[in-house]
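Trainee: Have a look at the structure that comes next, please.
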Amino acid sequence: MNKIYRILAFGFCLLFLTNLSGQNENQYNELMTHSGKFYNVVGVLVIIFIGLMIYLLIIDRKVKKLENQIHSK
Amino acid sequence: MIDGWYWKFIGVGLIIYSMIVGMLVPLKPSIELVAPSAAKTGQQINLEVTGYNTNYSGSASIRAWLKDEEGNAVLSKNVTVINAQNLVANFDIPGFLPSSDRVVPFTLILDHPVDGAMVSPDAVFITQDSISKVEGQTLWQKDIINDLTLNTAFTFPSMSLIRETIRNTFYHVPLWFAMVIIFGAAVYWSIKYLRNPQSYQYDNRAVGFTSVGILFGILGTVTGALWARFVWGSYWSWDIKQIVTAVALLIYMAYFILRNAIEDDDRKGRVAAVYNIFAFVALIPLIFVVPRMMDSLHPGNGGNPGLGANDLDNSMRMIFYPAIIGWIIIGLWLANVRYRLLDIKYNLMNK
């Protein structure tokens with residue numbers, strides 16, 4: 001289970017890095033300034049969603065730990 | 001704390017409302033670009049105007065004026081519409097300016113019968129070689145800007161540089177409002193715990209609220225950084241507002257480090273509760289007082305880093321306030337799940 005989380009977290013990081021890395025910088029900047037910077041707002045919404053999902057992940061891990069404790073009793 | 005499920009749905013509903021309406025309502029038609037930006041007296045100039053969200057081709061009777069600070073204006077001779085976003089306004093600039101300065105900035109005002117009046121401040125700088133204020137005042141007229149159309153459609157303000165990102169007001173700012181409320185709730189439970197140290201639930205509630213407060217704080221910082229990248233120019237510009245929020249969040253993160261460092265449960269709870277009170281006492285001056293004492297890029301002029309009176313209009317308030325309430329409810333919900341889990345864990349460990 002832990003492995004899945006690590007892969008997921010790595011995936012999130014990768015998503016951000018590919019967006020922000022130098023190679024795509026120009027495309028990314030164009031996207032963000034295109035049509036009155038509308039995609040900047042989309043980016044903000046995506047960040048909030050990712051943040052909530054990470055919090056869900058943390059709670060999920062705590063539930064898992066509790067489940068393990070109950071099973072081992 | 002609160003039984004039932006309905007309040008959670010109110011929170012979700014308010015957030016969905018703020019997202020749908022906040023994204024779909026268009027910006028007020030406005031002027032994006034005016035070229036050329038310089039002219040001389042006595043010239044005939046063709047001002048190429050690029051609009052944003054405009055529908056220039058939808059009307060044949062668009063009027064344009066150039067106006068200085070004191071209200072001296074000249075009407076455009078001829079306005080030629082090219083397409084929905086572009087038009088050319090032809091002006092005969094009089095031989096003298098109504099000013100004794102050599103260079104005077106003029107504001108372009110457009111009036112469209114449907115889109116309403118649009119203003120581009122300091123659009124054209126006009127230079128005069130020979131100065132005669134008296135002559136100029138006869139050539140430029142006062143009170144010729146009349147019958148401006150008011151656009152009553154439900155729109156958000158359109159500001160240069162910010163443009164569509166004004167919508168972030170509904171997503172970035174409420175996170176901070178909710179964060180302060182939630183940290184306040186955490187302190188409330190910490191104080192209750194100190195007065196009644198047998199009630200482990202109170203400590204758990206403080207932990208739950210603090211963790212959600214940190215989540216909202218981090219999200220507020222990251223969304224603010226993305227917004228800043230395309231308005232201020234870089235993700236992190238060491239603005240005073242950014243520095244103090246980072247310091248405040250680090251103080252709160254130390255709350256969890258402190259908890260993990262203490263083995264004994266009773267001591268852990270009491271030390272953490274005292275620390276939480278100190279953290280909140282540090283938070284309030286950090287985010288509300290310090291930024292106001294220094295220059296900041298953050299909205300609000302004259303060292304006021306909060307929301308200025310001009311940053312919210314009535315159309316935005318109808319989405320902004322529900323969004324704040326929605327995020328506070330979501331925060332309560334998240335904290336609620338977190339501390340119920342801690343209560344279960346406590347009961348399990350102490351059976």
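Ligands are numbered from 1 in the order shown, chains are lettered A, B, ... in the order of the structure tokens, and residues start at 1 in each chain.
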Using only C-alpha atoms and a cut-off of 9 Å, which residues of chain B sit close to chain A? Please list them as a ChimeraX atom specification.
Mentor: /B:19,23,52,161-168,171-172,212,215-216,218-220,222-224,226-227,230,334,337-338,341,344-345,348
Trainee: Using N, CA and C atoms, can you export the residues from the last selection as an mmCIF file, in the first residue's frame?
Mentor:
data_model
loop_
_atom_site.group_PDB
_atom_site.id
_atom_site.type_symbol
_atom_site.label_atom_id
_atom_site.label_comp_id
_atom_site.auth_asym_id
_atom_site.auth_seq_id
_atom_site.Cartn_x
_atom_site.Cartn_y
_atom_site.Cartn_z
ATOM 1 N N MET B 19 -17.279 27.955 -7.721
ATOM 2 C CA MET B 19 -16.446 27.536 -8.844
ATOM 3 C C MET B 19 -17.175 27.736 -10.169
ATOM 4 N N MET B 23 -16.270 30.941 -12.507
ATOM 5 C CA MET B 23 -15.561 30.692 -13.758
ATOM 6 C C MET B 23 -16.363 31.136 -14.976
ATOM 7 N N TYR B 52 -10.921 43.948 -25.019
ATOM 8 C CA TYR B 52 -10.985 42.629 -24.389
ATOM 9 C C TYR B 52 -12.440 42.335 -24.060
ATOM 10 N N LEU B 161 -3.346 43.775 -16.699
ATOM 11 C CA LEU B 161 -2.429 42.850 -16.015
ATOM 12 C C LEU B 161 -3.164 41.706 -15.324
ATOM 13 N N ILE B 162 -4.187 42.024 -14.522
ATOM 14 C CA ILE B 162 -4.863 40.972 -13.766
ATOM 15 C C ILE B 162 -5.802 40.177 -14.668
ATOM 16 N N ARG B 163 -6.645 40.909 -15.438
ATOM 17 C CA ARG B 163 -7.614 40.280 -16.337
ATOM 18 C C ARG B 163 -8.355 39.105 -15.712
ATOM 19 N N GLU B 164 -8.316 37.931 -16.359
ATOM 20 C CA GLU B 164 -9.152 36.810 -15.901
ATOM 21 C C GLU B 164 -8.734 36.299 -14.518
ATOM 22 N N THR B 165 -7.479 36.561 -14.141
ATOM 23 C CA THR B 165 -7.024 36.022 -12.858
ATOM 24 C C THR B 165 -7.732 36.697 -11.689
ATOM 25 N N ILE B 166 -8.573 37.701 -11.957
ATOM 26 C CA ILE B 166 -9.361 38.307 -10.880
ATOM 27 C C ILE B 166 -10.247 37.242 -10.228
ATOM 28 N N ARG B 167 -10.546 36.183 -10.998
ATOM 29 C CA ARG B 167 -11.357 35.074 -10.463
ATOM 30 C C ARG B 167 -10.654 34.363 -9.309
ATOM 31 N N ASN B 168 -9.332 34.454 -9.248
ATOM 32 C CA ASN B 168 -8.605 33.810 -8.151
ATOM 33 C C ASN B 168 -9.035 34.369 -6.799
ATOM 34 N N TYR B 171 -10.899 31.874 -5.011
ATOM 35 C CA TYR B 171 -10.280 30.587 -4.685
ATOM 36 C C TYR B 171 -9.056 30.744 -3.789
ATOM 37 N N HIS B 172 -8.306 31.811 -3.989
ATOM 38 C CA HIS B 172 -7.090 32.031 -3.198
ATOM 39 C C HIS B 172 -7.419 32.724 -1.872
ATOM 40 N N VAL B 212 -5.636 21.161 9.581
ATOM 41 C CA VAL B 212 -6.400 21.718 8.458
ATOM 42 C C VAL B 212 -5.973 23.164 8.190
ATOM 43 N N LEU B 215 -2.933 23.020 6.177
ATOM 44 C CA LEU B 215 -3.270 22.663 4.793
ATOM 45 C C LEU B 215 -3.749 23.892 4.025
ATOM 46 N N PHE B 216 -4.679 24.648 4.617
ATOM 47 C CA PHE B 216 -5.206 25.837 3.938
ATOM 48 C C PHE B 216 -4.111 26.888 3.746
ATOM 49 N N ILE B 218 -0.864 26.341 3.385
ATOM 50 C CA ILE B 218 0.035 25.923 2.300
ATOM 51 C C ILE B 218 -0.646 26.140 0.949
ATOM 52 N N LEU B 219 -1.933 25.740 0.871
ATOM 53 C CA LEU B 219 -2.655 25.935 -0.398
ATOM 54 C C LEU B 219 -2.738 27.419 -0.747
ATOM 55 N N GLY B 220 -2.995 28.256 0.249
ATOM 56 C CA GLY B 220 -3.051 29.696 -0.001
ATOM 57 C C GLY B 220 -1.723 30.224 -0.511
ATOM 58 N N VAL B 222 0.712 28.456 -2.068
ATOM 59 C CA VAL B 222 1.057 27.929 -3.402
ATOM 60 C C VAL B 222 0.183 28.573 -4.481
ATOM 61 N N THR B 223 -1.135 28.696 -4.204
ATOM 62 C CA THR B 223 -1.989 29.348 -5.208
ATOM 63 C C THR B 223 -1.590 30.808 -5.373
ATOM 64 N N GLY B 224 -1.200 31.442 -4.269
ATOM 65 C CA GLY B 224 -0.741 32.834 -4.351
ATOM 66 C C GLY B 224 0.517 32.946 -5.190
ATOM 67 N N LEU B 226 1.416 30.937 -7.655
ATOM 68 C CA LEU B 226 1.082 30.771 -9.082
ATOM 69 C C LEU B 226 0.447 32.050 -9.637
ATOM 70 N N TRP B 227 -0.409 32.670 -8.850
ATOM 71 C CA TRP B 227 -1.033 33.930 -9.266
ATOM 72 C C TRP B 227 0.050 35.000 -9.430
ATOM 73 N N PHE B 230 2.211 35.305 -12.715
ATOM 74 C CA PHE B 230 1.708 35.947 -13.923
ATOM 75 C C PHE B 230 1.155 37.346 -13.678
ATOM 76 N N LEU B 334 -13.120 18.594 7.356
ATOM 77 C CA LEU B 334 -11.829 17.902 7.323
ATOM 78 C C LEU B 334 -11.301 17.697 8.745
ATOM 79 N N VAL B 337 -13.250 14.938 10.587
ATOM 80 C CA VAL B 337 -12.816 13.575 10.243
ATOM 81 C C VAL B 337 -11.503 13.259 10.952
ATOM 82 N N ARG B 338 -10.595 14.227 10.933
ATOM 83 C CA ARG B 338 -9.277 13.999 11.506
ATOM 84 C C ARG B 338 -9.362 13.740 13.019
ATOM 85 N N LEU B 341 -10.947 10.392 14.072
ATOM 86 C CA LEU B 341 -9.955 9.329 13.902
ATOM 87 C C LEU B 341 -9.023 9.263 15.111
ATOM 88 N N ILE B 344 -10.770 7.679 18.046
ATOM 89 C CA ILE B 344 -10.819 6.210 17.910
ATOM 90 C C ILE B 344 -9.473 5.615 18.306
ATOM 91 N N LYS B 345 -8.407 6.251 17.832
ATOM 92 C CA LYS B 345 -7.060 5.763 18.125
ATOM 93 C C LYS B 345 -6.804 5.775 19.631
ATOM 94 N N LEU B 348 -8.689 3.037 21.373
ATOM 95 C CA LEU B 348 -8.092 1.746 21.048
ATOM 96 C C LEU B 348 -6.845 1.493 21.883
#
Trainee: CA of Pro291 (chain B) and CA of Ala178 (chain B), how far apart in Å?
Mentor: 19.1 Å
Trainee: Could you pull out the strand (DSSP E or B) residues of region 49-221 of chain B, going by DSSP on the backbone, and write them as a PyMOL selection string?
Mentor: chain B and resi 49-52+63-67+73-75+78-81+86-92+103-112+116-127+141+156
Trainee: Need the shell around region 236-252 of chain B: protein/DNA/RNA residues with any atom at most 7 Å away, counting only C-alpha atoms. Skip same-chain ones fewer than 5 positions apart. Format as a PDB file with C-alpha atoms, in the first residue's frame?
Mentor:
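This went into part08.pdb:
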ATOM      1  CA  ILE B 214      -1.762  24.338   7.867  1.00  0.00           C
ATOM      2  CA  GLY B 217      -2.154  27.975   4.635  1.00  0.00           C
ATOM      3  CA  ALA B 225       2.652  31.970  -5.829  1.00  0.00           C
ATOM      4  CA  ALA B 279       1.447  30.350  17.726  1.00  0.00           C
ATOM      5  CA  LEU B 283       0.001  34.628  13.740  1.00  0.00           C
ATOM      6  CA  LEU B 286       2.315  38.529  11.586  1.00  0.00           C
ATOM      7  CA  ILE B 287      -0.383  38.405   8.933  1.00  0.00           C
ATOM      8  CA  PRO B 291       2.492  43.649   6.220  1.00  0.00           C
ATOM      9  CA  SER B 296       3.920  45.261  -0.396  1.00  0.00           C
ATOM     10  CA  LEU B 297       3.038  44.140  -3.890  1.00  0.00           C
TER      11      LEU B 297
END
Trainee: Any idea what's packed within 10 Å of region 255-268 of chain B, counting only C-alpha atoms, ignoring anything in its chain fewer than 5 positions away? Could you give it as JSON, numbers by chain?
Mentor: {"B": [197, 198, 200, 203, 207, 210, 211, 249, 250, 273, 275, 276, 279]}
Trainee: How many Å lie between CA of Tyr193 (chain B) and CA of Phe9 (chain B), rounded to one decimal?
Mentor: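 Value for the CA of Tyr193 (chain B)-CA of Phe9 (chain B) distance: 29.6 Å.
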Trainee: Applying 9 Å and only C-alpha atoms, which residues near Val12 (chain B) remain after dropping the ones on its own chain fewer than 6 positions away? List them as a list of chain:residue names.
Mentor: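 What passes the distance filter is B:Gly326, B:Trp327, B:Ile329, B:Ile330.
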Trainee: Taking the DSSP secondary structure from the backbone, can you list the residues of region 148-324 of chain B that are alpha helix (DSSP H), as number ranges by chain?
Mentor: B: 173-195, 200-231, 240-261, 265-284, 314-324
